[in-house]
Amino acid sequence: MRDTDLFQAALGLSAPWFISRSEFDGDLKQLDLHIDFLPGSRFACSSCGGAGCPVHDAKEKQWRHLNFFQHKTVLHARVPRAACDKCGVKQVSLPWGRPGSGFTLLFEAFLLTMAKAMPVANVGQIVDEHDTRIWRVLDHYISKAVDALDLAHVTQIAADETSARRGHDYISLFVDIARRKVIFVTDGKDAATVAAFATFLEKHGGKKDNITDASIDMGAAFIAGVKSNFPNAKITFDKFHVVKLVNDAVDEVRRGEARTSDWIKGTRYLWLKNLQNLTDEERASLVKLEAANLDTMQAWQMRLNLQDLFKSPSVTSARKFLNRWNAWVETSDLKPMIKAARTIMGKADEILRSIASGISNGLLEAINGNVQAAKRKAKGYRSKHNLKLIVYLIAGGVLDTLPT
Ligand SMILES: [Zn+2]
């Protein structure tokens, strides 16, 4: 077998394409493969698909391909433009690469797979390419996949915001609960983000009226957005957000108490944990703190108790539980806890709905965690656009439509 035949078979090229020659430069660590087409070949029109168009002219182009062992591989080809009776002169489609890209399809698939697992800058270092070229590949495939999303089936959604960078810069994520995928990412965290999602949904075959459930946080913006855009959606406030609300109240009690009590110093993180997650050392300090009769201890016990609400077998029993819990908090003199309890009682229907529907934002919280981890590893992104691409890449299932 000649080397050109071997490379032709390895690349899966078939007539009229063939490898005309190969050159290997050991010093440059580069393999160059030259592809050509048989004289007199005719091609399908890349626009209408009409077969048998004659070649009008051809232009030399090149593509970076997957490495040949440790050596860079570059494909070179004369790319023909075919003359179609209907469409005029069009560049033909190539089996190994798309127009305008300097990378082959397989190399692009390799880049996307790596970018899902590590920061783009690291991918750039590994393949020795500038990261702006890699971002361009991501942008192409992810935008294409997002454009092609079919959302006709979507009935239950979850939404949450995540910080884009330090300060008050946010993006909002919308998830299809049934398919566990991010389907829309947009700037900001106000009610307009929900309106933008509703527009996107309808553009992609979905119907606003079909949305039956929306799991969101207790912020006024998402509530208003859901109410004005999805008339049939029942709102669920997720356990995660309820517990966060009470955690914040416990912390407020702690901060107030820290001004007068030395006991409390250095215990901030203790109160954020659940019993079973405490270290031996933390358990020991908890025993000491118990003796000090602290407000913070009482607030913490209220928080732990409230978590059992979500283990209730039915909405009825959960409502009883919640009423008892509220009565306990109301008889205390812990103002932040009372305030949190009143917020919770005011939104009890939406909170208890999670027990009936089984809907939770747990998935979104997990996605959020992955996004923040990717952001930390990448030391941030140059633009919100790039952050959005990464969200779609790691949580939107866009790799399902990769070239192979
Ligand atoms: Zn045509």
# chains A, B, ... in the order shown; residues from 1 in each chain; ligands from 1

call {"tool": "residues_near_ligand", "arguments": {"ligand": "ligand 1", "cutoff": "7 Å", "atoms": "only C-alpha atoms and all ligand atoms", "output": "ChimeraX atom specification"}}
result
/A:45-50,84-88

call {"tool": "residues_around", "arguments": {"residues": "A:Met337", "least_positions_apart": "6", "cutoff": "12 Å", "atoms": "only C-alpha atoms", "output": "PDB file with C-alpha atoms, in the first residue's frame"}}
result
ATOM      1  CA  VAL A 243     -33.260  27.017  52.777  1.00  0.00           C
ATOM      2  CA  LEU A 245     -33.525  32.411  52.754  1.00  0.00           C
ATOM      3  CA  VAL A 246     -33.455  30.851  56.229  1.00  0.00           C
ATOM      4  CA  ASN A 247     -29.672  30.423  56.113  1.00  0.00           C
ATOM      5  CA  ASP A 248     -29.336  34.139  55.472  1.00  0.00           C
ATOM      6  CA  ALA A 249     -31.606  34.827  58.453  1.00  0.00           C
ATOM      7  CA  VAL A 250     -29.479  32.559  60.681  1.00  0.00           C
ATOM      8  CA  ASP A 251     -26.432  34.484  59.543  1.00  0.00           C
ATOM      9  CA  GLU A 252     -28.093  37.772  60.380  1.00  0.00           C
ATOM     10  CA  VAL A 253     -28.840  36.490  63.895  1.00  0.00           C
ATOM     11  CA  ARG A 254     -25.210  35.405  64.217  1.00  0.00           C
ATOM     12  CA  ASP A 295     -29.712  32.931  69.835  1.00  0.00           C
ATOM     13  CA  THR A 296     -27.706  31.683  66.874  1.00  0.00           C
ATOM     14  CA  GLN A 298     -31.779  28.488  68.337  1.00  0.00           C
ATOM     15  CA  ALA A 299     -31.975  30.017  64.857  1.00  0.00           C
ATOM     16  CA  TRP A 300     -29.854  27.191  63.504  1.00  0.00           C
ATOM     17  CA  GLN A 301     -32.171  24.589  65.043  1.00  0.00           C
ATOM     18  CA  MET A 302     -35.107  26.341  63.365  1.00  0.00           C
ATOM     19  CA  ARG A 303     -33.299  26.063  60.060  1.00  0.00           C
ATOM     20  CA  LEU A 306     -37.487  23.489  58.446  1.00  0.00           C
ATOM     21  CA  TRP A 325     -42.733  25.630  62.493  1.00  0.00           C
ATOM     22  CA  ASN A 326     -44.023  29.152  61.930  1.00  0.00           C
ATOM     23  CA  ALA A 327     -45.722  29.205  65.366  1.00  0.00           C
ATOM     24  CA  TRP A 328     -42.418  28.211  66.975  1.00  0.00           C
ATOM     25  CA  VAL A 329     -40.491  30.955  65.155  1.00  0.00           C
ATOM     26  CA  GLU A 330     -43.147  33.571  65.912  1.00  0.00           C
ATOM     27  CA  THR A 331     -42.884  32.909  69.658  1.00  0.00           C
ATOM     28  CA  THR A 343     -41.857  35.567  53.753  1.00  0.00           C
ATOM     29  CA  ILE A 344     -42.168  31.789  53.693  1.00  0.00           C
TER      30      ILE A 344
END

call {"tool": "select_by_dssp", "arguments": {"residues": "stretch 293-361 of chain A", "states": "alpha helix (DSSP H)", "output": "PyMOL selection string"}}
result
chain A and resi 295-307+315-331+335-346+348-357

call {"tool": "residues_around", "arguments": {"residues": "A:Asp190", "least_positions_apart": "5", "cutoff": "12 Å", "atoms": "only C-alpha atoms", "output": "VMD selection string"}}
result
chain A and resid 159 to 161 169 to 173 195 to 197 219 to 226

call {"tool": "write_last_selection", "arguments": {"atoms": "C-alpha atoms", "output": "PDB file, in the first residue's frame"}}
result
ATOM      1  CA  ALA A 159     -34.990  29.437  35.761  1.00  0.00           C
ATOM      2  CA  ASP A 160     -32.157  30.881  37.788  1.00  0.00           C
ATOM      3  CA  GLU A 161     -29.524  33.543  37.557  1.00  0.00           C
ATOM      4  CA  ASP A 169     -23.406  41.337  36.355  1.00  0.00           C
ATOM      5  CA  TYR A 170     -25.677  38.364  35.751  1.00  0.00           C
ATOM      6  CA  ILE A 171     -26.940  35.964  33.142  1.00  0.00           C
ATOM      7  CA  SER A 172     -30.160  33.966  33.469  1.00  0.00           C
ATOM      8  CA  LEU A 173     -30.501  30.303  32.557  1.00  0.00           C
ATOM      9  CA  ALA A 195     -40.070  37.726  28.204  1.00  0.00           C
ATOM     10  CA  ALA A 196     -36.995  37.073  26.048  1.00  0.00           C
ATOM     11  CA  PHE A 197     -37.236  33.374  26.856  1.00  0.00           C
ATOM     12  CA  GLY A 219     -37.203  37.197  43.593  1.00  0.00           C
ATOM     13  CA  ALA A 220     -39.937  39.529  42.365  1.00  0.00           C
ATOM     14  CA  ALA A 221     -38.453  39.748  38.856  1.00  0.00           C
ATOM     15  CA  PHE A 222     -38.888  36.101  37.875  1.00  0.00           C
ATOM     16  CA  ILE A 223     -42.317  35.950  39.522  1.00  0.00           C
ATOM     17  CA  ALA A 224     -43.557  38.944  37.522  1.00  0.00           C
ATOM     18  CA  GLY A 225     -41.947  37.582  34.369  1.00  0.00           C
ATOM     19  CA  VAL A 226     -43.596  34.168  34.694  1.00  0.00           C
TER      20      VAL A 226
END

call {"tool": "atom_distance", "arguments": {"atom1": "atom CA of A:Val79", "atom2": "atom CA of A:Leu38"}}
result
12.1 Å

call {"tool": "atom_distance", "arguments": {"atom1": "atom CA of A:His130", "atom2": "atom CA of A:Ala115"}}
result
13.5 Å

call {"tool": "select_by_dssp", "arguments": {"residues": "stretch 50-206 of chain A", "states": "strand (DSSP E)", "output": "ChimeraX atom specification"}}
result
/A:53-68,71-84,88-91,156-165,169-176,181-187

call {"tool": "write_last_selection", "arguments": {"atoms": "C-alpha atoms", "output": "PDB file, in the first residue's frame"}}
result
ATOM      1  CA  CYS A  53     -22.404  20.550 -12.133  1.00  0.00           C
ATOM      2  CA  PRO A  54     -19.160  21.177 -14.051  1.00  0.00           C
ATOM      3  CA  VAL A  55     -16.178  22.773 -12.336  1.00  0.00           C
ATOM      4  CA  HIS A  56     -15.906  26.506 -12.903  1.00  0.00           C
ATOM      5  CA  ASP A  57     -12.597  27.130 -11.163  1.00  0.00           C
ATOM      6  CA  ALA A  58     -10.646  25.921  -8.128  1.00  0.00           C
ATOM      7  CA  LYS A  59      -8.721  27.552  -5.343  1.00  0.00           C
ATOM      8  CA  GLU A  60      -6.028  26.167  -3.026  1.00  0.00           C
ATOM      9  CA  LYS A  61      -7.058  26.019   0.670  1.00  0.00           C
ATOM     10  CA  GLN A  62      -5.779  24.324   3.808  1.00  0.00           C
ATOM     11  CA  TRP A  63      -7.130  22.827   7.037  1.00  0.00           C
ATOM     12  CA  ARG A  64      -5.511  21.778  10.245  1.00  0.00           C
ATOM     13  CA  HIS A  65      -6.405  18.125  10.919  1.00  0.00           C
ATOM     14  CA  LEU A  66      -5.980  15.797  13.920  1.00  0.00           C
ATOM     15  CA  ASN A  67      -2.328  15.184  14.674  1.00  0.00           C
ATOM     16  CA  PHE A  68      -0.442  12.358  12.977  1.00  0.00           C
ATOM     17  CA  HIS A  71       3.013  15.840  14.372  1.00  0.00           C
ATOM     18  CA  LYS A  72       0.714  18.546  13.087  1.00  0.00           C
ATOM     19  CA  THR A  73      -1.267  17.459  10.069  1.00  0.00           C
ATOM     20  CA  VAL A  74      -2.360  19.930   7.418  1.00  0.00           C
ATOM     21  CA  LEU A  75      -4.663  19.058   4.537  1.00  0.00           C
ATOM     22  CA  HIS A  76      -4.291  21.032   1.311  1.00  0.00           C
ATOM     23  CA  ALA A  77      -6.823  20.901  -1.473  1.00  0.00           C
ATOM     24  CA  ARG A  78      -7.871  22.619  -4.624  1.00  0.00           C
ATOM     25  CA  VAL A  79     -11.439  23.511  -3.772  1.00  0.00           C
ATOM     26  CA  PRO A  80     -13.630  23.664  -6.853  1.00  0.00           C
ATOM     27  CA  ARG A  81     -16.502  26.027  -7.461  1.00  0.00           C
ATOM     28  CA  ALA A  82     -19.187  24.354  -9.540  1.00  0.00           C
ATOM     29  CA  ALA A  83     -21.484  26.078 -12.010  1.00  0.00           C
ATOM     30  CA  CYS A  84     -25.129  25.279 -11.335  1.00  0.00           C
ATOM     31  CA  GLY A  88     -24.805  30.059 -10.471  1.00  0.00           C
ATOM     32  CA  VAL A  89     -21.224  29.437  -9.342  1.00  0.00           C
ATOM     33  CA  LYS A  90     -20.959  27.934  -5.817  1.00  0.00           C
ATOM     34  CA  GLN A  91     -18.133  26.427  -3.804  1.00  0.00           C
ATOM     35  CA  GLN A 156     -41.986  22.535  32.686  1.00  0.00           C
ATOM     36  CA  ILE A 157     -39.218  25.053  33.079  1.00  0.00           C
ATOM     37  CA  ALA A 158     -36.788  26.111  35.771  1.00  0.00           C
ATOM     38  CA  ALA A 159     -34.990  29.437  35.761  1.00  0.00           C
ATOM     39  CA  ASP A 160     -32.157  30.881  37.788  1.00  0.00           C
ATOM     40  CA  GLU A 161     -29.524  33.543  37.557  1.00  0.00           C
ATOM     41  CA  THR A 162     -25.781  33.097  37.807  1.00  0.00           C
ATOM     42  CA  SER A 163     -23.104  35.726  38.197  1.00  0.00           C
ATOM     43  CA  ALA A 164     -21.172  36.558  35.058  1.00  0.00           C
ATOM     44  CA  ARG A 165     -18.347  38.301  36.863  1.00  0.00           C
ATOM     45  CA  ASP A 169     -23.406  41.337  36.355  1.00  0.00           C
ATOM     46  CA  TYR A 170     -25.677  38.364  35.751  1.00  0.00           C
ATOM     47  CA  ILE A 171     -26.940  35.964  33.142  1.00  0.00           C
ATOM     48  CA  SER A 172     -30.160  33.966  33.469  1.00  0.00           C
ATOM     49  CA  LEU A 173     -30.501  30.303  32.557  1.00  0.00           C
ATOM     50  CA  PHE A 174     -33.702  28.538  31.522  1.00  0.00           C
ATOM     51  CA  VAL A 175     -33.893  24.759  31.727  1.00  0.00           C
ATOM     52  CA  ASP A 176     -36.242  22.213  30.191  1.00  0.00           C
ATOM     53  CA  LYS A 181     -30.927  20.709  29.476  1.00  0.00           C
ATOM     54  CA  VAL A 182     -30.287  24.434  29.409  1.00  0.00           C
ATOM     55  CA  ILE A 183     -32.343  25.729  26.494  1.00  0.00           C
ATOM     56  CA  PHE A 184     -31.886  29.488  26.817  1.00  0.00           C
ATOM     57  CA  VAL A 185     -29.264  31.808  28.268  1.00  0.00           C
ATOM     58  CA  THR A 186     -29.579  35.580  28.305  1.00  0.00           C
ATOM     59  CA  ASP A 187     -28.111  38.710  29.901  1.00  0.00           C
TER      60      ASP A 187
END

call {"tool": "atom_distance", "arguments": {"atom1": "atom CA of A:Asp400", "atom2": "atom CA of A:Lys144"}}
result
12.1 Å

call {"tool": "residues_around", "arguments": {"residues": "A:Gly52", "least_positions_apart": "6", "cutoff": "7 Å", "atoms": "only C-alpha atoms", "output": "list in words"}}
result
Arg42, Phe43 and Ala44 of chain A

call {"tool": "residues_around", "arguments": {"residues": "stretch 15-20 of chain A", "least_positions_apart": "3", "cutoff": "10 Å", "atoms": "only C-alpha atoms", "output": "list of chain:residue names"}}
result
A:Asp3, A:Thr4, A:Asp5, A:Leu6, A:Phe7, A:Gln8, A:Ala9, A:Leu11, A:Gly12, A:Leu33, A:His34, A:Ile35, A:Asp36, A:Phe37, A:Leu38, A:Pro39, A:Gly40, A:Ser41, A:Arg42, A:Phe43, A:Leu75, A:His76, A:Ala77, A:Leu94, A:Pro95

call {"tool": "residues_around", "arguments": {"residues": "A:Pro231", "least_positions_apart": "3", "cutoff": "12 Å", "atoms": "only C-alpha atoms", "output": "list in words"}}
result
Ala198, Lys207, Lys208, Asp209, Asn210, Ile211, Thr212, Asp213, Ala214, Ile223, Ala224, Gly225, Val226, Lys227, Ser228, Lys234 and Ile235 of chain A

call {"tool": "closest_residue", "arguments": {"among": "A:His385, A:Lys311, A:Lys335, A:Arg136", "to": "A:Leu112", "atoms": "only C-alpha atoms"}}
result
A:Arg136
